[in-house]
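This is final-v2.cif (mmCIF, C-alpha atoms and all ligand atoms).
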```
data_work
#
loop_
_atom_site.group_PDB
_atom_site.id
_atom_site.type_symbol
_atom_site.label_atom_id
_atom_site.label_comp_id
_atom_site.auth_asym_id
_atom_site.auth_seq_id
_atom_site.Cartn_x
_atom_site.Cartn_y
_atom_site.Cartn_z
ATOM 1 C CA MET J 291 4.406 -20.182 16.759
ATOM 2 C CA GLU J 292 5.503 -18.664 20.104
ATOM 3 C CA TYR J 293 3.646 -15.555 21.268
ATOM 4 C CA LYS J 294 4.211 -13.315 24.283
ATOM 5 C CA ASN J 295 0.878 -11.501 24.498
ATOM 6 C CA ILE J 296 -1.635 -13.884 22.956
ATOM 7 C CA LEU J 297 -2.411 -17.598 23.094
ATOM 8 C CA LEU J 298 -3.581 -19.381 19.977
ATOM 9 C CA THR J 299 -5.020 -22.820 20.625
ATOM 10 C CA MET J 300 -6.755 -25.236 18.313
ATOM 11 C CA GLU J 301 -9.538 -27.570 19.388
ATOM 12 C CA GLY J 302 -10.445 -29.621 16.331
ATOM 13 C CA GLU J 303 -12.152 -27.233 13.931
ATOM 14 C CA LEU J 304 -12.165 -24.342 16.424
ATOM 15 C CA GLY J 305 -9.377 -21.852 16.947
ATOM 16 C CA ILE J 306 -9.242 -19.826 20.172
ATOM 17 C CA LEU J 307 -7.240 -16.610 20.207
ATOM 18 C CA THR J 308 -6.849 -15.357 23.770
ATOM 19 C CA ILE J 309 -5.436 -11.897 24.410
ATOM 20 C CA ASN J 310 -3.115 -12.662 27.274
ATOM 21 C CA ARG J 311 -1.870 -9.666 29.271
ATOM 22 C CA PRO J 312 -3.979 -10.141 32.414
ATOM 23 C CA LYS J 313 -1.778 -7.815 34.517
ATOM 24 C CA ALA J 314 -2.811 -4.925 32.263
ATOM 25 C CA LEU J 315 -6.368 -6.296 31.867
ATOM 26 C CA ASN J 316 -5.373 -7.447 28.359
ATOM 27 C CA ALA J 317 -4.818 -3.880 27.151
ATOM 28 C CA LEU J 318 -3.749 -3.634 23.514
ATOM 29 C CA ASN J 319 -0.202 -2.381 23.112
ATOM 30 C CA ILE J 320 1.668 -2.305 19.795
ATOM 31 C CA GLU J 321 3.256 -5.715 20.335
ATOM 32 C CA THR J 322 -0.097 -7.325 21.173
ATOM 33 C CA LEU J 323 -1.754 -5.866 18.075
ATOM 34 C CA GLN J 324 1.135 -7.189 15.964
ATOM 35 C CA GLU J 325 0.785 -10.630 17.547
ATOM 36 C CA ILE J 326 -2.988 -10.638 16.921
ATOM 37 C CA GLN J 327 -2.195 -9.997 13.250
ATOM 38 C CA MET J 328 0.257 -12.924 13.249
ATOM 39 C CA GLY J 329 -2.341 -15.107 14.969
ATOM 40 C CA ILE J 330 -4.933 -14.231 12.339
ATOM 41 C CA GLN J 331 -2.405 -15.082 9.602
ATOM 42 C CA GLU J 332 -1.757 -18.419 11.303
ATOM 43 C CA VAL J 333 -5.510 -19.164 11.371
ATOM 44 C CA LYS J 334 -5.763 -18.145 7.701
ATOM 45 C CA GLY J 335 -3.030 -20.636 6.827
ATOM 46 C CA ASN J 336 -4.831 -23.494 8.596
ATOM 47 C CA PRO J 337 -7.801 -24.651 6.501
ATOM 48 C CA ALA J 338 -8.827 -27.164 9.189
ATOM 49 C CA LEU J 339 -10.004 -24.287 11.379
ATOM 50 C CA LYS J 340 -13.607 -23.402 10.638
ATOM 51 C CA VAL J 341 -14.420 -20.844 13.337
ATOM 52 C CA LEU J 342 -12.303 -18.549 15.502
ATOM 53 C CA ILE J 343 -13.217 -17.463 19.032
ATOM 54 C CA LEU J 344 -11.604 -14.282 20.361
ATOM 55 C CA THR J 345 -11.456 -13.860 24.132
ATOM 56 C CA GLY J 346 -9.377 -12.388 26.960
ATOM 57 C CA ALA J 347 -7.298 -14.128 29.630
ATOM 58 C CA GLY J 348 -8.569 -14.167 33.211
ATOM 59 C CA GLU J 349 -11.988 -13.555 34.683
ATOM 60 C CA LYS J 350 -11.988 -9.791 34.917
ATOM 61 C CA ALA J 351 -11.389 -8.388 31.472
ATOM 62 C CA PHE J 352 -11.809 -9.157 27.819
ATOM 63 C CA VAL J 353 -9.720 -6.131 26.799
ATOM 64 C CA ALA J 354 -9.588 -2.916 28.875
ATOM 65 C CA GLY J 355 -8.728 -0.836 25.824
ATOM 66 C CA ALA J 356 -5.656 0.353 24.043
ATOM 67 C CA ASP J 357 -2.632 0.480 26.353
ATOM 68 C CA ILE J 358 -2.786 3.888 28.048
ATOM 69 C CA THR J 359 0.768 3.580 29.437
ATOM 70 C CA GLU J 360 2.101 3.181 25.908
ATOM 71 C CA MET J 361 -0.198 5.825 24.368
ATOM 72 C CA ARG J 362 0.469 8.531 26.955
ATOM 73 C CA GLY J 363 3.765 9.731 25.440
ATOM 74 C CA MET J 364 2.771 9.438 21.776
ATOM 75 C CA ASN J 365 2.980 12.425 19.457
ATOM 76 C CA SER J 366 0.375 12.828 16.727
ATOM 77 C CA ILE J 367 2.410 10.957 14.093
ATOM 78 C CA GLU J 368 2.858 8.025 16.466
ATOM 79 C CA ALA J 369 -0.860 8.189 17.345
ATOM 80 C CA LEU J 370 -1.713 8.065 13.634
ATOM 81 C CA SER J 371 0.406 4.996 13.124
ATOM 82 C CA PHE J 372 -1.023 3.384 16.306
ATOM 83 C CA SER J 373 -4.585 4.017 15.142
ATOM 84 C CA ARG J 374 -3.722 2.608 11.703
ATOM 85 C CA LEU J 375 -2.180 -0.472 13.318
ATOM 86 C CA GLY J 376 -5.393 -0.961 15.310
ATOM 87 C CA HIS J 377 -7.534 -0.466 12.211
ATOM 88 C CA LEU J 378 -5.471 -2.922 10.170
ATOM 89 C CA THR J 379 -5.658 -5.514 12.956
ATOM 90 C CA LEU J 380 -9.422 -5.163 13.336
ATOM 91 C CA LYS J 381 -9.893 -5.273 9.572
ATOM 92 C CA MET J 382 -7.933 -8.535 9.460
ATOM 93 C CA ILE J 383 -10.359 -9.945 12.027
ATOM 94 C CA GLN J 384 -13.381 -8.597 10.157
ATOM 95 C CA ASP J 385 -12.112 -9.890 6.804
ATOM 96 C CA LEU J 386 -11.001 -13.323 8.012
ATOM 97 C CA ASP J 387 -12.624 -15.811 5.640
ATOM 98 C CA ARG J 388 -14.168 -17.641 8.594
ATOM 99 C CA PRO J 389 -16.589 -16.572 11.320
ATOM 100 C CA VAL J 390 -15.053 -14.916 14.365
ATOM 101 C CA ILE J 391 -17.066 -14.917 17.601
ATOM 102 C CA ALA J 392 -16.048 -12.609 20.451
ATOM 103 C CA ALA J 393 -16.474 -14.221 23.878
ATOM 104 C CA VAL J 394 -16.422 -11.109 26.060
ATOM 105 C CA ASN J 395 -15.550 -12.214 29.571
ATOM 106 C CA GLY J 396 -15.386 -8.943 31.522
ATOM 107 C CA PHE J 397 -14.396 -5.346 30.752
ATOM 108 C CA ALA J 398 -14.460 -4.506 27.046
ATOM 109 C CA LEU J 399 -13.596 -0.830 27.059
ATOM 110 C CA GLY J 400 -12.332 1.471 24.327
ATOM 111 C CA GLY J 401 -10.288 -0.707 21.999
ATOM 112 C CA GLY J 402 -11.895 -3.685 23.796
ATOM 113 C CA THR J 403 -15.389 -2.800 22.623
ATOM 114 C CA GLU J 404 -13.921 -1.849 19.256
ATOM 115 C CA ILE J 405 -12.184 -5.204 18.706
ATOM 116 C CA ALA J 406 -15.289 -7.108 19.881
ATOM 117 C CA VAL J 407 -17.460 -5.174 17.457
ATOM 118 C CA ALA J 408 -15.067 -6.059 14.602
ATOM 119 C CA CYS J 409 -15.919 -9.739 15.206
ATOM 120 C CA ASP J 410 -18.934 -11.282 13.467
ATOM 121 C CA PHE J 411 -20.973 -11.379 16.668
ATOM 122 C CA ILE J 412 -20.533 -11.192 20.408
ATOM 123 C CA TYR J 413 -21.448 -13.497 23.291
ATOM 124 C CA ALA J 414 -20.837 -11.979 26.713
ATOM 125 C CA SER J 415 -20.619 -13.051 30.337
ATOM 126 C CA GLU J 416 -22.924 -11.495 32.937
ATOM 127 C CA ASN J 417 -19.970 -9.512 34.342
ATOM 128 C CA ALA J 418 -19.093 -8.008 30.940
ATOM 129 C CA ARG J 419 -18.996 -4.227 30.692
ATOM 130 C CA PHE J 420 -18.902 -2.370 27.389
ATOM 131 C CA GLY J 421 -18.006 1.231 26.750
ATOM 132 C CA VAL J 422 -15.861 3.659 24.846
ATOM 133 C CA PRO J 423 -14.441 5.890 27.603
ATOM 134 C CA GLU J 424 -11.809 7.597 25.436
ATOM 135 C CA VAL J 425 -13.308 11.072 25.975
ATOM 136 C CA THR J 426 -12.574 10.660 29.693
ATOM 137 C CA LEU J 427 -8.896 10.468 28.634
ATOM 138 C CA GLY J 428 -9.098 13.570 26.473
ATOM 139 C CA ILE J 429 -9.222 11.664 23.183
ATOM 140 C CA PHE J 430 -11.904 9.751 21.296
ATOM 141 C CA PRO J 431 -12.153 6.185 19.886
ATOM 142 C CA GLY J 432 -9.418 5.425 17.375
ATOM 143 C CA PHE J 433 -9.858 1.739 16.472
ATOM 144 C CA GLY J 434 -13.121 2.106 14.544
ATOM 145 C CA GLY J 435 -15.497 2.956 17.403
ATOM 146 C CA THR J 436 -16.865 6.025 15.625
ATOM 147 C CA GLN J 437 -17.593 3.895 12.553
ATOM 148 C CA ARG J 438 -18.467 0.297 13.480
ATOM 149 C CA LEU J 439 -20.548 1.156 16.567
ATOM 150 C CA PRO J 440 -22.984 3.478 14.715
ATOM 151 C CA ARG J 441 -23.338 0.859 11.978
ATOM 152 C CA LEU J 442 -24.139 -1.789 14.594
ATOM 153 C CA ILE J 443 -26.397 0.064 17.047
ATOM 154 C CA GLY J 444 -27.355 3.259 15.215
ATOM 155 C CA LYS J 445 -25.907 6.760 15.371
ATOM 156 C CA GLY J 446 -27.872 8.005 18.381
ATOM 157 C CA ARG J 447 -26.933 5.163 20.708
ATOM 158 C CA ALA J 448 -23.318 5.187 19.521
ATOM 159 C CA LYS J 449 -23.064 8.944 20.073
ATOM 160 C CA GLU J 450 -24.534 8.591 23.564
ATOM 161 C CA LEU J 451 -21.897 5.971 24.461
ATOM 162 C CA ILE J 452 -19.008 7.836 22.828
ATOM 163 C CA PHE J 453 -19.885 11.345 24.115
ATOM 164 C CA SER J 454 -20.628 10.173 27.670
ATOM 165 C CA GLY J 455 -17.843 7.596 28.002
ATOM 166 C CA LYS J 456 -20.208 5.617 30.245
ATOM 167 C CA MET J 457 -20.126 1.845 30.609
ATOM 168 C CA VAL J 458 -23.106 -0.426 29.995
ATOM 169 C CA ASN J 459 -23.571 -3.850 31.519
ATOM 170 C CA ALA J 460 -24.126 -7.072 29.588
ATOM 171 C CA GLN J 461 -27.942 -6.867 29.741
ATOM 172 C CA GLU J 462 -27.923 -3.261 28.503
ATOM 173 C CA ALA J 463 -25.500 -4.258 25.737
ATOM 174 C CA LEU J 464 -27.900 -7.070 24.824
ATOM 175 C CA GLN J 465 -30.824 -4.642 24.597
ATOM 176 C CA MET J 466 -28.747 -2.243 22.491
ATOM 177 C CA GLY J 467 -27.821 -4.996 20.027
ATOM 178 C CA ILE J 468 -24.096 -4.961 20.806
ATOM 179 C CA VAL J 469 -24.302 -8.486 22.193
ATOM 180 C CA ASN J 470 -26.228 -11.491 20.832
ATOM 181 C CA LYS J 471 -26.406 -13.565 24.047
ATOM 182 C CA VAL J 472 -25.415 -13.315 27.709
ATOM 183 C CA PHE J 473 -24.269 -16.273 29.853
ATOM 184 C CA PRO J 474 -22.876 -16.753 33.347
ATOM 185 C CA LEU J 475 -19.089 -16.369 33.211
ATOM 186 C CA THR J 476 -18.644 -20.065 34.055
ATOM 187 C CA SER J 477 -20.546 -21.178 30.960
ATOM 188 C CA LEU J 478 -19.523 -18.448 28.470
ATOM 189 C CA MET J 479 -16.740 -20.449 26.798
ATOM 190 C CA ALA J 480 -18.744 -23.689 26.674
ATOM 191 C CA GLU J 481 -21.722 -21.897 25.121
ATOM 192 C CA THR J 482 -19.504 -20.040 22.650
ATOM 193 C CA LYS J 483 -17.803 -23.295 21.652
ATOM 194 C CA LYS J 484 -21.211 -24.934 21.236
ATOM 195 C CA ALA J 485 -22.306 -22.159 18.857
ATOM 196 C CA ALA J 486 -18.956 -22.335 17.033
ATOM 197 C CA ALA J 487 -19.256 -26.129 16.652
ATOM 198 C CA GLN J 488 -22.729 -25.759 15.172
ATOM 199 C CA ILE J 489 -21.370 -23.295 12.591
ATOM 200 C CA ALA J 490 -18.349 -25.553 11.920
ATOM 201 C CA GLY J 491 -20.698 -28.462 11.159
ATOM 202 C CA ASN J 492 -22.319 -26.568 8.281
ATOM 203 C CA GLY J 493 -21.000 -26.291 4.738
ATOM 204 C CA SER J 494 -17.979 -24.058 5.241
ATOM 205 C CA ILE J 495 -18.064 -22.544 1.749
ATOM 206 C CA GLY J 496 -21.670 -21.460 2.272
ATOM 207 C CA VAL J 497 -20.764 -19.906 5.632
ATOM 208 C CA ARG J 498 -17.760 -18.069 4.141
ATOM 209 C CA LEU J 499 -19.740 -16.798 1.157
ATOM 210 C CA ALA J 500 -22.512 -15.618 3.490
ATOM 211 C CA LYS J 501 -19.994 -13.682 5.610
ATOM 212 C CA MET J 502 -18.472 -12.122 2.514
ATOM 213 C CA VAL J 503 -21.842 -11.100 1.059
ATOM 214 C CA ILE J 504 -23.208 -9.720 4.357
ATOM 215 C CA ASP J 505 -20.096 -7.601 4.933
ATOM 216 C CA ALA J 506 -19.535 -6.486 1.345
ATOM 217 C CA GLY J 507 -23.230 -5.810 0.767
ATOM 218 C CA PHE J 508 -23.766 -3.863 3.984
ATOM 219 C CA ASN J 509 -22.616 -0.533 2.582
ATOM 220 C CA MET J 510 -23.942 -1.032 -0.959
ATOM 221 C CA ASP J 511 -27.356 -0.002 -2.141
ATOM 222 C CA LEU J 512 -29.886 -2.816 -1.904
ATOM 223 C CA THR J 513 -30.069 -3.510 -5.646
ATOM 224 C CA GLU J 514 -26.285 -3.912 -5.993
ATOM 225 C CA ALA J 515 -26.082 -5.919 -2.787
ATOM 226 C CA CYS J 516 -28.809 -8.319 -3.931
ATOM 227 C CA SER J 517 -27.027 -8.707 -7.262
ATOM 228 C CA LEU J 518 -23.815 -9.557 -5.386
ATOM 229 C CA GLU J 519 -25.800 -12.126 -3.406
ATOM 230 C CA SER J 520 -27.057 -13.765 -6.611
ATOM 231 C CA TYR J 521 -23.555 -14.142 -8.039
ATOM 232 C CA ALA J 522 -22.198 -15.520 -4.762
ATOM 233 C CA PHE J 523 -25.235 -17.837 -4.492
ATOM 234 C CA SER J 524 -24.412 -19.237 -7.929
ATOM 235 C CA ILE J 525 -20.819 -19.947 -6.832
ATOM 236 C CA GLY J 526 -22.296 -22.209 -4.145
ATOM 237 C CA PHE J 527 -23.607 -24.432 -6.950
ATOM 238 C CA THR J 528 -20.070 -25.155 -8.178
ATOM 239 C CA THR J 529 -19.230 -26.982 -4.932
ATOM 240 C CA GLU J 530 -19.368 -30.594 -3.796
ATOM 241 C CA ASP J 531 -20.902 -29.346 -0.534
ATOM 242 C CA GLN J 532 -24.020 -28.156 -2.402
ATOM 243 C CA LYS J 533 -24.467 -31.578 -4.032
ATOM 244 C CA GLU J 534 -23.825 -33.326 -0.723
ATOM 245 C CA GLY J 535 -26.106 -31.054 1.330
ATOM 246 C CA MET J 536 -29.073 -31.394 -0.991
ATOM 247 C CA THR J 537 -28.540 -35.122 -1.625
ATOM 248 C CA ALA J 538 -28.318 -35.746 2.122
ATOM 249 C CA PHE J 539 -31.598 -33.862 2.596
ATOM 250 C CA ILE J 540 -33.344 -35.987 -0.053
ATOM 251 C CA GLU J 541 -31.822 -39.189 1.377
ATOM 252 C CA LYS J 542 -32.841 -38.122 4.917
ATOM 253 C CA ARG J 543 -29.308 -38.372 6.345
ATOM 254 C CA LYS J 544 -26.765 -36.015 7.874
ATOM 255 C CA PRO J 545 -24.583 -34.293 5.272
ATOM 256 C CA ASN J 546 -20.875 -34.950 5.242
ATOM 257 C CA PHE J 547 -19.474 -31.606 4.151
ATOM 258 C CA LYS J 548 -15.892 -31.449 2.879
ATOM 259 C CA GLY J 549 -15.517 -27.715 2.350
ATOM 260 C CA LYS J 550 -15.007 -28.308 -1.388
HETATM 261 N N1 LIG O 601 -3.999 0.415 29.478
HETATM 262 C C1 LIG O 601 -2.973 0.094 30.273
HETATM 263 N N2 LIG O 601 -3.128 -0.467 31.484
HETATM 264 C C2 LIG O 601 -4.369 -0.727 31.890
HETATM 265 C C3 LIG O 601 -5.500 -0.425 31.107
HETATM 266 C C4 LIG O 601 -5.276 0.170 29.834
HETATM 267 N N3 LIG O 601 -6.277 0.453 28.990
HETATM 268 N N4 LIG O 601 -6.608 -0.774 31.782
HETATM 269 C C5 LIG O 601 -6.191 -1.293 32.949
HETATM 270 N N5 LIG O 601 -4.835 -1.267 33.021
HETATM 271 C C6 LIG O 601 -3.972 -1.705 34.131
HETATM 272 C C7 LIG O 601 -4.040 -0.750 35.307
HETATM 273 O O1 LIG O 601 -3.175 0.341 35.094
HETATM 274 C C8 LIG O 601 -3.624 -1.644 36.424
HETATM 275 O O2 LIG O 601 -2.221 -1.787 36.398
HETATM 276 P P1 LIG O 601 -1.355 -1.759 37.778
HETATM 277 O O3 LIG O 601 -1.870 -2.952 38.561
HETATM 278 O O4 LIG O 601 0.050 -1.912 37.290
HETATM 279 O O5 LIG O 601 -1.669 -0.460 38.419
HETATM 280 C C9 LIG O 601 -4.232 -2.979 36.063
HETATM 281 O O6 LIG O 601 -4.484 -2.933 34.653
HETATM 282 C C10 LIG O 601 -5.545 -3.257 36.767
HETATM 283 O O7 LIG O 601 -6.412 -2.163 36.510
HETATM 284 P P2 LIG O 601 -7.157 -1.336 37.668
HETATM 285 O O8 LIG O 601 -6.346 -1.358 38.919
HETATM 286 O O9 LIG O 601 -7.512 -0.014 37.102
HETATM 287 O O10 LIG O 601 -8.448 -2.253 37.860
HETATM 288 P P3 LIG O 601 -9.886 -1.785 38.400
HETATM 289 O O11 LIG O 601 -10.637 -3.034 38.677
HETATM 290 O O12 LIG O 601 -9.765 -0.789 39.473
HETATM 291 O O13 LIG O 601 -10.562 -1.046 37.141
HETATM 292 C C11 LIG O 601 -11.089 -0.746 34.820
HETATM 293 C C12 LIG O 601 -10.821 -1.756 35.949
HETATM 294 C C13 LIG O 601 -12.416 -0.024 35.090
HETATM 295 C C14 LIG O 601 -11.198 -1.552 33.524
HETATM 296 C C15 LIG O 601 -9.945 0.278 34.754
HETATM 297 O O14 LIG O 601 -8.724 -0.424 34.696
HETATM 298 C C16 LIG O 601 -9.999 1.197 33.571
HETATM 299 O O15 LIG O 601 -10.795 2.135 33.555
HETATM 300 N N6 LIG O 601 -9.132 0.957 32.573
HETATM 301 C C17 LIG O 601 -9.001 1.813 31.414
HETATM 302 C C18 LIG O 601 -10.193 1.711 30.505
HETATM 303 C C19 LIG O 601 -10.058 2.682 29.368
HETATM 304 O O16 LIG O 601 -10.061 3.886 29.546
HETATM 305 N N7 LIG O 601 -9.959 2.140 28.119
HETATM 306 C C20 LIG O 601 -9.840 2.943 26.939
HETATM 307 C C21 LIG O 601 -8.396 3.076 26.575
HETATM 308 S S1 LIG O 601 -8.137 4.237 25.277
HETATM 309 C C22 LIG O 601 -8.463 3.409 23.847
HETATM 310 O O17 LIG O 601 -8.855 2.244 23.845
HETATM 311 C C23 LIG O 601 -8.197 4.174 22.600
HETATM 312 C C24 LIG O 601 -8.684 3.583 21.353
HETATM 313 O O18 LIG O 601 -9.828 3.716 20.935
HETATM 314 C C25 LIG O 601 -7.805 2.873 20.509
#
```
Encoded form using structure tokens:
Amino acid sequence: MEYKNILLTMEGELGILTINRPKALNALNIETLQEIQMGIQEVKGNPALKVLILTGAGEKAFVAGADITEMRGMNSIEALSFSRLGHLTLKMIQDLDRPVIAAVNGFALGGGTEIAVACDFIYASENARFGVPEVTLGIFPGFGGTQRLPRLIGKGRAKELIFSGKMVNAQEALQMGIVNKVFPLTSLMAETKKAAAQIAGNGSIGVRLAKMVIDAGFNMDLTEACSLESYAFSIGFTTEDQKEGMTAFIEKRKPNFKGK
């Protein structure tokens, strides 16, 4: 499929979706959000892809937010539909039945932090900067920042970031729990691909079920969530991968998972 604002490349079992508007620091306009949705659909339709990496083109920015030039003239109805488009796009990323790793290679501001936080986890380069500066524009986060950030880092830290609009660097983001690991920019993609390849080598049904249970269980009470885990755990025992994984362990060899 031909895209104008994103690149979708496949490297074996890894998909790489690159937001590609470097002149606007990969800002998210309506067309880009729509293309991200199409890209996610394309990944969904390709069972060979086991893990998706989301990154930004160039060396300066991951995503510098929603496109301010496009937003400036919006009325409230248009803003509602823009926010809903952003939410739907991020939910498609969050709900993709495969892990999505954000490789944050520079500024991740506003919608940039929000889209990164919708991924399963984040690796960042040393030059990455996170923040939700919407209040400096007279608005506040509209792609899930008021909801996913508090769930990830706690209400107090999220409120401090959102109310102040200040940026934090990669090390601060690591300490706050926004980011899992920080690498030099030159090795960010290689390290992210290494982590993705390790995940891709595991039983893919187990990985998918784990993602589903973690996300679905997160907002349930613990008893219900643990019950959900038990049912999903039992589904794992209907698969060839479970037989193969355990047999390979007993036979002291590497498993050959088929995703079945
Ligand atoms: N929207 C549209 N264009 C953007 C943009 C954005 N979010 N961020 C950067 N750009 C454009 C700039 O306008 C500039 O374009 P021109 O060359 O045509 O002038 C180009 O990208 C390069 O940017 P700068 O010259 O500003 O680069 P810099 O190095 O001086 O600063 C920056 C980098 C600190 C990231 C700065 O660009 C910046 O502050 N950007 C905006 C960040 C922001 O406020 N994001 C939140 C947006 S609102 C939002 O996301 C709402 C929501 O929750 C959904």
What are the nearest atom pairs, with distances in Å to one decimal, for all residues of region 421-455 of chain J that come at most 12 Å from region 462-482 of chain J, using only C-alpha atoms, set out by chain and rising residue number as a Markdown table?
```
| residue | atom | partner | partner_atom | distance |
| --- | --- | --- | --- | --- |
| J:Gly421 | CA | J:Ala463 | CA | 9.3 |
| J:Arg438 | CA | J:Ile468 | CA | 10.6 |
| J:Leu439 | CA | J:Ile468 | CA | 8.2 |
| J:Pro440 | CA | J:Ile468 | CA | 10.5 |
| J:Arg441 | CA | J:Ile468 | CA | 10.6 |
| J:Leu442 | CA | J:Ile468 | CA | 7.0 |
| J:Ile443 | CA | J:Gly467 | CA | 6.0 |
| J:Gly444 | CA | J:Met466 | CA | 9.2 |
| J:Lys445 | CA | J:Met466 | CA | 11.8 |
| J:Gly446 | CA | J:Met466 | CA | 11.1 |
| J:Arg447 | CA | J:Met466 | CA | 7.8 |
| J:Ala448 | CA | J:Met466 | CA | 9.7 |
| J:Glu450 | CA | J:Met466 | CA | 11.7 |
| J:Leu451 | CA | J:Met466 | CA | 10.9 |
```
Inset, instruction - Enumerate, as an NGL selection string, the residues matched when the PyMOL selection byres (((not hetatm)) within 6 of (chain O and resi 601)) is run on the file above. - result: :J and (313-315 or 317 or 354-359 or 397 or 399-401 or 423-424 or 431-433)
Legend entry - d(CA of Arg419 (chain J), CA of Ala347 (chain J)) in Å: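 Separating CA of Arg419 (chain J) from CA of Ala347 (chain J) is a distance of 15.4 Å.
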As JSON, please: the centre and edge lengths in Å, to one decimal, of an axis-aligned box enclosing every listed atom of region 392-395 of chain J with 6 Å added on each side.
```
{"center_x": -16.0, "center_y": -12.7, "center_z": 25.0, "size_x": 12.9, "size_y": 15.1, "size_z": 21.1}
```
Inset, instruction - Take CA of Glu514 (chain J) and CA of Gly526 (chain J) and report the distance between them in Å, one decimal. - result: 18.8 Å
Inset, instruction - Name all residues at most 12 Å from Cys409 (chain J) (count only C-alpha atoms; drop same-chain ones fewer than 2 positions away) and give them as a VMD selection string. - result: chain J and resid 341 to 345 379 to 394 402 to 407 411 to 413 438 to 439 442 468 to 470 501 505
Inset, instruction - Run the PyMOL selection byres (((chain J and resi 319-323) around 9) and not hetatm) on the file and write out the hits as a list in words. - result: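 With the PyMOL selection byres (((chain J and resi 319-323) around 9) and not hetatm) on this model, the match is Lys294, Asn295, Ile296, Ile309, Asn310, Arg311, Asn316, Ala317, Leu318, Gln324, Glu325, Ile326, Gln327, Met328, Ala356, Asp357, Ile358, Thr359, Glu360, Met361, Phe372, Leu375, Gly376 and Thr379 of chain J.
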Inset, instruction - Enumerate, as a PyMOL selection string, the residues matched when the PyMOL selection byres (((chain J and resi 396) around 8) and not hetatm) is run on the file above. - result: chain J and resi 349-353+394-395+397-398+414-415+417-419
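The spacing separating CA of Lys550 (chain J) from CA of Asp531 (chain J) amounts to 6.0 Å.
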